[in-house]
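See below for protein03.pdb, which holds PDB, C-alpha atoms.
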```pdb
ATOM      1  CA  MET A 362      33.813  15.622 -67.348
ATOM      2  CA  ALA A 363      35.868  18.691 -67.994
ATOM      3  CA  LEU A 364      38.912  19.520 -69.974
ATOM      4  CA  PHE A 365      41.601  21.401 -68.219
ATOM      5  CA  ARG A 366      44.437  22.990 -70.139
ATOM      6  CA  PHE A 367      47.641  24.238 -68.815
ATOM      7  CA  SER A 368      50.797  25.778 -70.000
ATOM      8  CA  PRO A 369      52.973  25.967 -66.936
ATOM      9  CA  THR A 370      54.819  29.154 -67.744
ATOM     10  CA  LEU A 371      52.508  31.710 -69.286
ATOM     11  CA  ASP A 372      49.104  31.111 -67.785
ATOM     12  CA  PRO A 373      48.066  33.966 -65.461
ATOM     13  CA  ILE A 374      45.797  31.688 -63.426
ATOM     14  CA  ASN A 375      48.609  29.303 -62.869
ATOM     15  CA  ALA A 376      50.838  32.154 -61.862
ATOM     16  CA  LEU A 377      48.255  33.061 -59.248
ATOM     17  CA  LEU A 378      48.080  29.509 -58.034
ATOM     18  CA  ASN A 379      51.826  29.470 -57.750
ATOM     19  CA  LEU A 380      51.683  32.638 -55.727
ATOM     20  CA  GLN A 381      49.114  31.157 -53.401
ATOM     21  CA  ARG A 382      51.214  28.049 -53.139
ATOM     22  CA  GLU A 383      54.212  30.076 -52.119
ATOM     23  CA  LEU A 384      52.160  31.931 -49.537
ATOM     24  CA  GLU A 385      50.812  28.736 -48.086
ATOM     25  CA  ARG A 386      54.256  27.246 -48.006
ATOM     26  CA  VAL A 387      55.474  30.147 -45.938
ATOM     27  CA  VAL A 388      52.486  30.399 -43.647
ATOM     28  CA  ASP A 389      51.390  26.975 -42.582
ATOM     29  CA  ASN A 390      53.311  24.150 -44.037
ATOM     30  CA  PRO A 391      55.818  22.758 -41.622
ATOM     31  CA  LEU A 392      56.876  19.987 -43.961
ATOM     32  CA  GLY A 393      57.614  22.331 -46.826
ATOM     33  CA  LEU A 394      55.637  19.999 -49.049
ATOM     34  CA  ASP A 395      52.956  21.875 -50.673
ATOM     35  CA  LEU A 396      50.037  20.249 -52.231
ATOM     36  CA  GLY A 397      47.984  23.350 -51.766
ATOM     37  CA  LEU A 398      44.538  24.045 -53.088
ATOM     38  CA  SER A 399      41.786  21.599 -53.448
ATOM     39  CA  GLY A 400      38.427  21.007 -55.033
ATOM     40  CA  ARG A 401      38.098  22.820 -58.306
ATOM     41  CA  GLY A 402      34.790  21.301 -59.165
ATOM     42  CA  VAL A 403      35.658  18.185 -61.144
ATOM     43  CA  SER A 404      36.135  14.645 -60.051
ATOM     44  CA  PRO A 405      38.517  13.036 -59.326
ATOM     45  CA  ALA A 406      40.823  15.741 -58.060
ATOM     46  CA  VAL A 407      44.300  15.515 -59.562
ATOM     47  CA  ASN A 408      47.726  16.676 -58.604
ATOM     48  CA  VAL A 409      50.396  17.210 -61.234
ATOM     49  CA  PHE A 410      54.100  17.160 -60.454
ATOM     50  CA  SER A 411      57.177  17.480 -62.558
ATOM     51  CA  ASP A 412      60.730  16.302 -62.305
ATOM     52  CA  ARG A 413      63.712  16.143 -64.657
ATOM     53  CA  ASP A 414      62.255  13.317 -66.704
ATOM     54  CA  GLY A 415      58.703  14.402 -67.113
ATOM     55  CA  TYR A 416      55.338  14.812 -65.445
ATOM     56  CA  MET A 417      53.492  12.755 -62.889
ATOM     57  CA  VAL A 418      49.702  12.942 -62.679
ATOM     58  CA  ARG A 419      48.300  11.534 -59.474
ATOM     59  CA  THR A 420      44.746  11.024 -58.300
ATOM     60  CA  GLU A 421      43.153   9.298 -55.335
ATOM     61  CA  VAL A 422      40.632   6.627 -56.282
ATOM     62  CA  PRO A 423      40.648   4.199 -53.347
ATOM     63  CA  GLY A 424      38.975   0.817 -53.354
ATOM     64  CA  MET A 425      39.166   0.068 -57.050
ATOM     65  CA  SER A 426      40.964  -2.583 -59.017
ATOM     66  CA  PRO A 427      43.249  -1.628 -61.916
ATOM     67  CA  GLU A 428      40.798  -3.158 -64.419
ATOM     68  CA  GLN A 429      38.110  -0.697 -63.355
ATOM     69  CA  ILE A 430      40.227   2.307 -64.279
ATOM     70  CA  ASN A 431      40.487   3.425 -67.863
ATOM     71  CA  ILE A 432      43.323   5.643 -69.034
ATOM     72  CA  GLU A 433      43.382   6.988 -72.566
ATOM     73  CA  SER A 434      45.461   9.429 -74.455
ATOM     74  CA  HIS A 435      44.363  11.326 -77.497
ATOM     75  CA  GLY A 436      46.828  13.779 -78.944
ATOM     76  CA  ARG A 437      47.944  15.822 -75.962
ATOM     77  CA  THR A 438      44.908  14.951 -73.884
ATOM     78  CA  LEU A 439      45.032  12.400 -71.104
ATOM     79  CA  THR A 440      41.724  11.023 -69.864
ATOM     80  CA  ILE A 441      41.231   9.035 -66.677
ATOM     81  CA  SER A 442      37.829   7.474 -66.159
ATOM     82  CA  GLY A 443      36.161   4.673 -64.265
ATOM     83  CA  LYS A 444      33.356   3.649 -62.022
ATOM     84  CA  ARG A 445      33.529   3.169 -58.323
ATOM     85  CA  GLU A 446      31.181   0.511 -57.024
ATOM     86  CA  SER A 447      30.000   0.164 -53.496
ATOM     87  CA  GLY A 448      29.269  -3.210 -52.024
ATOM     88  CA  ALA A 449      28.124  -4.424 -48.641
ATOM     89  CA  PRO A 450      27.254  -7.696 -46.969
ATOM     90  CA  GLN A 451      23.606  -8.679 -46.912
ATOM     91  CA  GLY A 452      21.150  -8.413 -44.084
ATOM     92  CA  GLY A 453      22.060  -5.184 -42.409
ATOM     93  CA  SER A 454      21.701  -1.470 -42.776
ATOM     94  CA  PHE A 455      23.907   1.553 -43.232
ATOM     95  CA  HIS A 456      24.419   4.051 -40.449
ATOM     96  CA  ARG A 457      26.728   6.239 -42.463
ATOM     97  CA  ARG A 458      27.417   6.460 -46.174
ATOM     98  CA  GLU A 459      30.030   9.060 -46.895
ATOM     99  CA  ARG A 460      32.207   7.226 -49.411
ATOM    100  CA  SER A 461      31.148   8.216 -52.859
ATOM    101  CA  SER A 462      30.415   5.771 -55.623
ATOM    102  CA  GLY A 463      29.616   6.307 -59.256
ATOM    103  CA  GLN A 464      31.302   7.279 -62.465
ATOM    104  CA  PHE A 465      34.137   9.663 -62.886
ATOM    105  CA  SER A 466      36.031  11.063 -65.822
ATOM    106  CA  ARG A 467      38.754  13.603 -66.002
ATOM    107  CA  SER A 468      40.743  15.015 -68.893
ATOM    108  CA  LEU A 469      43.923  17.006 -68.832
ATOM    109  CA  GLN A 470      45.654  18.677 -71.707
ATOM    110  CA  LEU A 471      49.365  18.272 -71.263
ATOM    111  CA  PRO A 472      52.241  20.405 -72.512
ATOM    112  CA  ALA A 473      53.500  19.548 -75.993
ATOM    113  CA  ASP A 474      56.979  18.509 -74.854
ATOM    114  CA  LEU A 475      55.606  15.383 -73.165
ATOM    115  CA  ASP A 476      55.495  12.040 -74.908
ATOM    116  CA  LEU A 477      52.112  10.505 -74.115
ATOM    117  CA  SER A 478      52.872   7.412 -76.176
ATOM    118  CA  ARG A 479      55.409   6.384 -73.548
ATOM    119  CA  ALA A 480      53.167   7.093 -70.536
ATOM    120  CA  GLU A 481      53.035   4.472 -67.790
ATOM    121  CA  ALA A 482      50.440   4.040 -65.076
ATOM    122  CA  SER A 483      50.476   2.320 -61.716
ATOM    123  CA  TYR A 484      47.866   1.830 -59.004
ATOM    124  CA  LYS A 485      48.991   1.441 -55.419
ATOM    125  CA  GLN A 486      47.194   1.955 -52.101
ATOM    126  CA  GLY A 487      44.292   3.594 -53.841
ATOM    127  CA  MET A 488      46.463   6.100 -55.654
ATOM    128  CA  LEU A 489      46.678   6.155 -59.408
ATOM    129  CA  THR A 490      49.917   7.514 -60.812
ATOM    130  CA  VAL A 491      50.461   8.247 -64.487
ATOM    131  CA  ARG A 492      54.010   9.099 -65.477
ATOM    132  CA  ILE A 493      54.512  10.887 -68.749
ATOM    133  CA  PRO A 494      58.128  11.253 -69.874
ATOM    134  CA  LYS A 495      59.413  14.297 -71.695
ATOM    135  CA  ARG A 496      60.358  13.899 -75.314
ATOM    136  CA  GLU A 497      64.052  13.167 -75.647
ATOM    137  CA  GLU A 498      64.748  16.517 -77.264
ATOM    138  CA  ALA A 499      62.999  18.352 -74.442
ATOM    139  CA  LYS A 500      65.096  16.810 -71.671
ATOM    140  CA  PRO A 501      67.842  18.852 -70.087
ATOM    141  CA  ARG A 502      71.177  17.826 -71.502
ATOM    142  CA  GLN A 503      74.708  18.248 -70.386
ATOM    143  CA  ILE A 504      76.956  19.636 -73.081
ATOM    144  CA  THR A 505      80.559  18.692 -72.823
ATOM    145  CA  ILE A 506      83.343  20.975 -73.903
ATOM    146  CA  LYS A 507      85.702  19.556 -76.441
ATOM    147  CA  ALA A 508      89.368  20.041 -75.835
ATOM    148  CA  ALA A 509      90.800  22.330 -78.436
TER     149      ALA A 509
ATOM    150  CA  MET B1303      22.695   5.658 -57.954
ATOM    151  CA  ALA B1304      24.612   3.456 -60.390
ATOM    152  CA  ASN B1305      25.095   6.003 -63.140
ATOM    153  CA  GLN B1306      25.537   8.975 -60.938
ATOM    154  CA  GLU B1307      28.587  11.076 -61.678
ATOM    155  CA  LEU B1308      30.924  11.570 -58.822
ATOM    156  CA  THR B1309      31.087  15.032 -57.432
ATOM    157  CA  PRO B1310      34.335  16.020 -55.820
ATOM    158  CA  ARG B1311      34.470  16.746 -52.160
ATOM    159  CA  GLU B1312      37.156  18.683 -50.463
ATOM    160  CA  LYS B1313      39.081  16.760 -47.862
ATOM    161  CA  GLN B1314      38.057  17.827 -44.402
ATOM    162  CA  GLU B1315      40.892  18.785 -42.171
ATOM    163  CA  LEU B1316      40.879  17.460 -38.638
ATOM    164  CA  THR B1317      41.010  20.409 -36.290
ATOM    165  CA  ARG B1318      39.606  18.952 -33.102
ATOM    166  CA  ASP B1319      42.571  17.068 -31.697
ATOM    167  CA  GLU B1320      46.095  18.249 -31.825
ATOM    168  CA  GLN B1321      48.527  15.783 -33.257
ATOM    169  CA  THR B1322      52.031  15.091 -32.083
ATOM    170  CA  ARG B1323      53.251  14.205 -35.565
ATOM    171  CA  PRO B1324      53.916  16.949 -38.075
ATOM    172  CA  GLY B1325      51.817  17.401 -41.175
ATOM    173  CA  ARG B1326      48.150  17.846 -41.829
ATOM    174  CA  THR B1327      45.522  15.390 -40.727
ATOM    175  CA  TYR B1328      42.288  14.730 -42.581
ATOM    176  CA  VAL B1329      39.039  13.035 -41.703
ATOM    177  CA  PRO B1330      38.582   9.931 -43.869
ATOM    178  CA  ASP B1331      35.201   9.279 -45.520
ATOM    179  CA  VAL B1332      33.573   6.230 -43.952
ATOM    180  CA  ASP B1333      30.699   3.851 -44.475
ATOM    181  CA  ILE B1334      29.306   2.145 -41.394
ATOM    182  CA  TYR B1335      27.074  -0.870 -41.705
ATOM    183  CA  GLU B1336      25.432  -2.927 -39.015
ATOM    184  CA  THR B1337      24.329  -6.526 -39.088
ATOM    185  CA  THR B1338      22.999  -8.534 -36.156
ATOM    186  CA  ASP B1339      26.460  -9.933 -35.373
ATOM    187  CA  SER B1340      28.837  -7.175 -36.307
ATOM    188  CA  LEU B1341      29.484  -3.589 -37.089
ATOM    189  CA  TRP B1342      31.339  -3.016 -40.367
ATOM    190  CA  LEU B1343      33.343   0.040 -41.206
ATOM    191  CA  TRP B1344      35.055   1.068 -44.430
ATOM    192  CA  ALA B1345      37.307   4.088 -44.519
ATOM    193  CA  ASP B1346      38.922   5.658 -47.589
ATOM    194  CA  MET B1347      42.559   6.256 -46.771
ATOM    195  CA  PRO B1348      44.428   6.485 -50.053
ATOM    196  CA  GLY B1349      48.195   6.367 -49.681
ATOM    197  CA  VAL B1350      48.161   4.392 -46.437
ATOM    198  CA  ASP B1351      49.526   0.853 -46.360
ATOM    199  CA  GLU B1352      48.791  -1.870 -43.792
ATOM    200  CA  HIS B1353      51.951  -1.080 -41.823
ATOM    201  CA  SER B1354      51.157   2.568 -41.193
ATOM    202  CA  LEU B1355      47.784   2.058 -39.641
ATOM    203  CA  GLU B1356      46.454   2.085 -36.109
ATOM    204  CA  VAL B1357      43.073   0.778 -34.982
ATOM    205  CA  ASN B1358      42.106   1.007 -31.324
ATOM    206  CA  VAL B1359      39.045   0.293 -29.244
ATOM    207  CA  ALA B1360      39.159   1.628 -25.705
ATOM    208  CA  ASP B1361      36.367   2.726 -23.347
ATOM    209  CA  GLY B1362      33.744   2.445 -26.055
ATOM    210  CA  VAL B1363      35.667   4.632 -28.466
ATOM    211  CA  LEU B1364      36.967   3.347 -31.762
ATOM    212  CA  SER B1365      39.861   5.288 -33.172
ATOM    213  CA  ILE B1366      41.501   4.807 -36.532
ATOM    214  CA  ALA B1367      44.595   6.554 -37.801
ATOM    215  CA  GLY B1368      46.750   6.156 -40.885
ATOM    216  CA  TRP B1369      49.951   7.801 -42.026
ATOM    217  CA  VAL B1370      50.917   8.456 -45.601
ATOM    218  CA  ALA B1371      54.427   8.104 -46.940
ATOM    219  CA  LEU B1372      55.632  11.492 -48.063
ATOM    220  CA  GLN B1373      58.973  10.353 -49.479
ATOM    221  CA  ASP B1374      57.075   9.563 -52.671
ATOM    222  CA  TYR B1375      56.978  13.294 -53.256
ATOM    223  CA  ASP B1376      60.699  13.914 -52.884
ATOM    224  CA  ASN B1377      62.335  15.576 -55.866
ATOM    225  CA  LEU B1378      58.993  16.479 -57.389
ATOM    226  CA  THR B1379      57.870  20.008 -58.117
ATOM    227  CA  PRO B1380      54.134  20.650 -57.924
ATOM    228  CA  VAL B1381      52.865  22.028 -61.220
ATOM    229  CA  TYR B1382      49.164  22.041 -60.486
ATOM    230  CA  THR B1383      47.476  20.795 -57.333
ATOM    231  CA  GLU B1384      43.864  20.236 -56.434
ATOM    232  CA  TYR B1385      44.012  18.141 -53.309
ATOM    233  CA  ASN B1386      46.096  17.985 -50.213
ATOM    234  CA  VAL B1387      47.990  15.008 -48.964
ATOM    235  CA  GLY B1388      48.109  14.230 -45.283
ATOM    236  CA  ASN B1389      47.512  11.702 -42.575
ATOM    237  CA  TYR B1390      44.094  10.429 -41.568
ATOM    238  CA  ALA B1391      42.450  10.159 -38.176
ATOM    239  CA  ARG B1392      38.921   9.693 -36.908
ATOM    240  CA  ARG B1393      37.152   8.566 -33.730
ATOM    241  CA  PHE B1394      33.748   7.046 -33.126
ATOM    242  CA  THR B1395      31.810   6.409 -29.958
ATOM    243  CA  LEU B1396      30.467   2.892 -30.147
ATOM    244  CA  SER B1397      26.900   2.236 -29.155
ATOM    245  CA  ASN B1398      27.446  -1.513 -28.899
ATOM    246  CA  GLU B1399      29.919  -3.410 -26.845
ATOM    247  CA  ILE B1400      32.584  -4.775 -29.156
ATOM    248  CA  GLU B1401      34.768  -7.805 -28.635
ATOM    249  CA  ALA B1402      38.038  -6.031 -29.174
ATOM    250  CA  GLU B1403      40.113  -9.195 -29.476
ATOM    251  CA  ARG B1404      38.022 -10.460 -32.384
ATOM    252  CA  ILE B1405      38.185  -7.307 -34.520
ATOM    253  CA  LYS B1406      39.302  -8.002 -38.067
ATOM    254  CA  ALA B1407      41.057  -5.308 -40.056
ATOM    255  CA  ARG B1408      42.047  -5.379 -43.684
ATOM    256  CA  MET B1409      43.643  -2.770 -45.903
ATOM    257  CA  THR B1410      42.986  -3.114 -49.628
ATOM    258  CA  ASN B1411      43.801  -0.493 -52.263
ATOM    259  CA  GLY B1412      43.623   2.356 -49.807
ATOM    260  CA  VAL B1413      40.394   1.237 -48.134
ATOM    261  CA  LEU B1414      40.408   0.068 -44.533
ATOM    262  CA  GLU B1415      37.794  -2.575 -43.764
ATOM    263  CA  LEU B1416      36.942  -3.299 -40.161
ATOM    264  CA  GLU B1417      34.687  -5.991 -38.831
ATOM    265  CA  LEU B1418      33.784  -5.308 -35.235
ATOM    266  CA  PRO B1419      31.959  -8.279 -33.700
ATOM    267  CA  LYS B1420      29.357  -7.321 -31.138
ATOM    268  CA  ALA B1421      29.735  -8.779 -27.669
ATOM    269  CA  GLU B1422      27.468 -11.783 -27.119
ATOM    270  CA  ARG B1423      25.361 -10.148 -24.429
ATOM    271  CA  THR B1424      24.539  -7.020 -26.386
ATOM    272  CA  LYS B1425      23.089  -8.877 -29.350
ATOM    273  CA  PRO B1426      19.350  -8.681 -29.679
ATOM    274  CA  ARG B1427      17.705 -11.773 -28.348
ATOM    275  CA  GLN B1428      14.369 -13.272 -29.148
ATOM    276  CA  ILE B1429      12.371 -14.010 -26.034
ATOM    277  CA  SER B1430       9.736 -16.586 -26.477
ATOM    278  CA  VAL B1431       6.549 -16.057 -24.619
ATOM    279  CA  ALA B1432       5.113 -19.139 -23.092
ATOM    280  CA  ALA B1433       1.389 -19.541 -23.234
ATOM    281  CA  SER B1434      -0.065 -19.927 -19.766
TER     282      SER B1434
END
```

How would this structure read if it were set down as structure tokens?
Amino acid sequence: MALFRFSPTLDPINALLNLQRELERVVDNPLGLDLGLSGRGVSPAVNVFSDRDGYMVRTEVPGMSPEQINIESHGRTLTISGKRESGAPQGGSFHRRERSSGQFSRSLQLPADLDLSRAEASYKQGMLTVRIPKREEAKPRQITIKAA
Amino acid sequence: MANQELTPREKQELTRDEQTRPGRTYVPDVDIYETTDSLWLWADMPGVDEHSLEVNVADGVLSIAGWVALQDYDNLTPVYTEYNVGNYARRFTLSNEIEAERIKARMTNGVLELELPKAERTKPRQISVAAS
């Protein structure tokens, strides 16, 4: 369990990550989709994306049911936790056991312009997606010009 | 085991075989289990649905491959990323003869489950010894 904070604009580490992302994009990413670095020591690994309406936090937790995943928000902190069980038929033995099972918990501190009270989560094909919309006042807005 | 905290593992990129499709390919984590009748295999392939999956048994080699839908990521800007997204592929040499036509495959919540029934003649058989 670890708390990770980010402020997307002013954090020097994030700036570095962005740089590395750009480098990777140029060097070896034929699709132009970069989901760059991995494994920063906490489970489950998360990816965070943004679009006009807000943020999307995505993590891969295959083989679970939605009831086994717990998502909580507390202030600006979003916590995803759960327990992955492993089951097998009786009367045999394992040759390989690479799929991990056990408990996981992950917290992220989100930027203040997001509205966690309106967050929505979905679980599909083993991927958990939490969408957090921006507060209305933080959304980009078109300003129309009044005729004089 | 039950209360163990999960430790993250970096996805392993497949470098052995060259792929014809673009994008990165990763090696899925698998569990393999054997009973007297069948070989069971579970593979973690998050992001793959039952229509983008290929399971093949040929010449004693089982190959599985799955493709992820990348259009989900259109119009999104990465803010912070810890894992890569890509296709999955892995091959296994089978030590038992498998009845290919009776293989059952199921995809649930990003986990592929395969039941590979062993061929009748390769199953262990009890031989009774007659007293003389």

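Among the candidate residues A:Gln486, A:Thr440, A:Glu497, A:Ser466, the one lying nearest to chain B is A:Gln486, with distances computed using all atoms listed in the file.
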
Counting only C-alpha atoms, collect the residues of chain B whose closest atom lies at most 10 Å from chain A, and write them out as a ChimeraX atom specification.
/B:1303-1313,1324-1326,1330-1352,1370,1372,1375-1388,1409-1414

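Distance check against Arg1393 in chain B using all atoms listed in the file: of B:Arg1423, B:Ile1429, B:Ile1405, B:Asn1358, the minimum falls on B:Asn1358.
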
Rounded to one decimal in Å, what is the spacing between CA of Asp1374 in chain B and CA of Glu498 in chain A?
26.7 Å

Mind pulling up the distance from CA of Asp1361 in chain B to CA of Glu1415 in chain B?
21.1 Å

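Going from CA of Val1329 in chain B to CA of Gln1373 in chain B covers 21.6 Å.
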
On this structure, the PyMOL selection byres ((chain A and resi 473) around 10) would catch which residues? List them as a PDB file with C-alpha atoms, in the frame of the given file, sorted by chain and number.
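What ended up in result-v4.pdb:
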```pdb
ATOM      1  CA  SER A 368      50.797  25.778 -70.000  1.00  0.00           C
ATOM      2  CA  GLY A 436      46.828  13.779 -78.944  1.00  0.00           C
ATOM      3  CA  ARG A 437      47.944  15.822 -75.962  1.00  0.00           C
ATOM      4  CA  THR A 438      44.908  14.951 -73.884  1.00  0.00           C
ATOM      5  CA  GLN A 470      45.654  18.677 -71.707  1.00  0.00           C
ATOM      6  CA  LEU A 471      49.365  18.272 -71.263  1.00  0.00           C
ATOM      7  CA  PRO A 472      52.241  20.405 -72.512  1.00  0.00           C
ATOM      8  CA  ASP A 474      56.979  18.509 -74.854  1.00  0.00           C
ATOM      9  CA  LEU A 475      55.606  15.383 -73.165  1.00  0.00           C
ATOM     10  CA  ASP A 476      55.495  12.040 -74.908  1.00  0.00           C
ATOM     11  CA  LEU A 477      52.112  10.505 -74.115  1.00  0.00           C
ATOM     12  CA  LYS A 495      59.413  14.297 -71.695  1.00  0.00           C
ATOM     13  CA  ARG A 496      60.358  13.899 -75.314  1.00  0.00           C
ATOM     14  CA  ALA A 499      62.999  18.352 -74.442  1.00  0.00           C
TER      15      ALA A 499
END
```

Translate the PyMOL selection byres ((chain B and resi 1363-1367) around 6) into a concrete residue list for this structure, as a JSON list (two decimals) with C-alpha atoms, in the frame of the given file.
```
[["chain", "number", "residue", "atom", "x", "y", "z"],
["B", 1355, "LEU", "CA", 47.78, 2.06, -39.64],
["B", 1356, "GLU", "CA", 46.45, 2.08, -36.11],
["B", 1357, "VAL", "CA", 43.07, 0.78, -34.98],
["B", 1358, "ASN", "CA", 42.11, 1.01, -31.32],
["B", 1359, "VAL", "CA", 39.04, 0.29, -29.24],
["B", 1360, "ALA", "CA", 39.16, 1.63, -25.70],
["B", 1361, "ASP", "CA", 36.37, 2.73, -23.35],
["B", 1362, "GLY", "CA", 33.74, 2.44, -26.06],
["B", 1368, "GLY", "CA", 46.75, 6.16, -40.88],
["B", 1390, "TYR", "CA", 44.09, 10.43, -41.57],
["B", 1391, "ALA", "CA", 42.45, 10.16, -38.18],
["B", 1392, "ARG", "CA", 38.92, 9.69, -36.91],
["B", 1393, "ARG", "CA", 37.15, 8.57, -33.73],
["B", 1394, "PHE", "CA", 33.75, 7.05, -33.13],
["B", 1395, "THR", "CA", 31.81, 6.41, -29.96],
["B", 1396, "LEU", "CA", 30.47, 2.89, -30.15]]
```

Edge lengths and centre, in Å to one decimal, as JSON: that's what I need for the box along x, y and z that holds all listed atoms of range 475-485 of chain A plus 3 Å on each side.
```
{"center_x": 51.7, "center_y": 8.4, "center_z": -65.8, "size_x": 13.7, "size_y": 19.9, "size_z": 26.8}
```

Just say which residues the PyMOL selection byres ((chain B and resi 1402) around 8) picks in this file, as a PyMOL selection string.
chain B and resi 1359+1400-1401+1403-1405+1418-1419
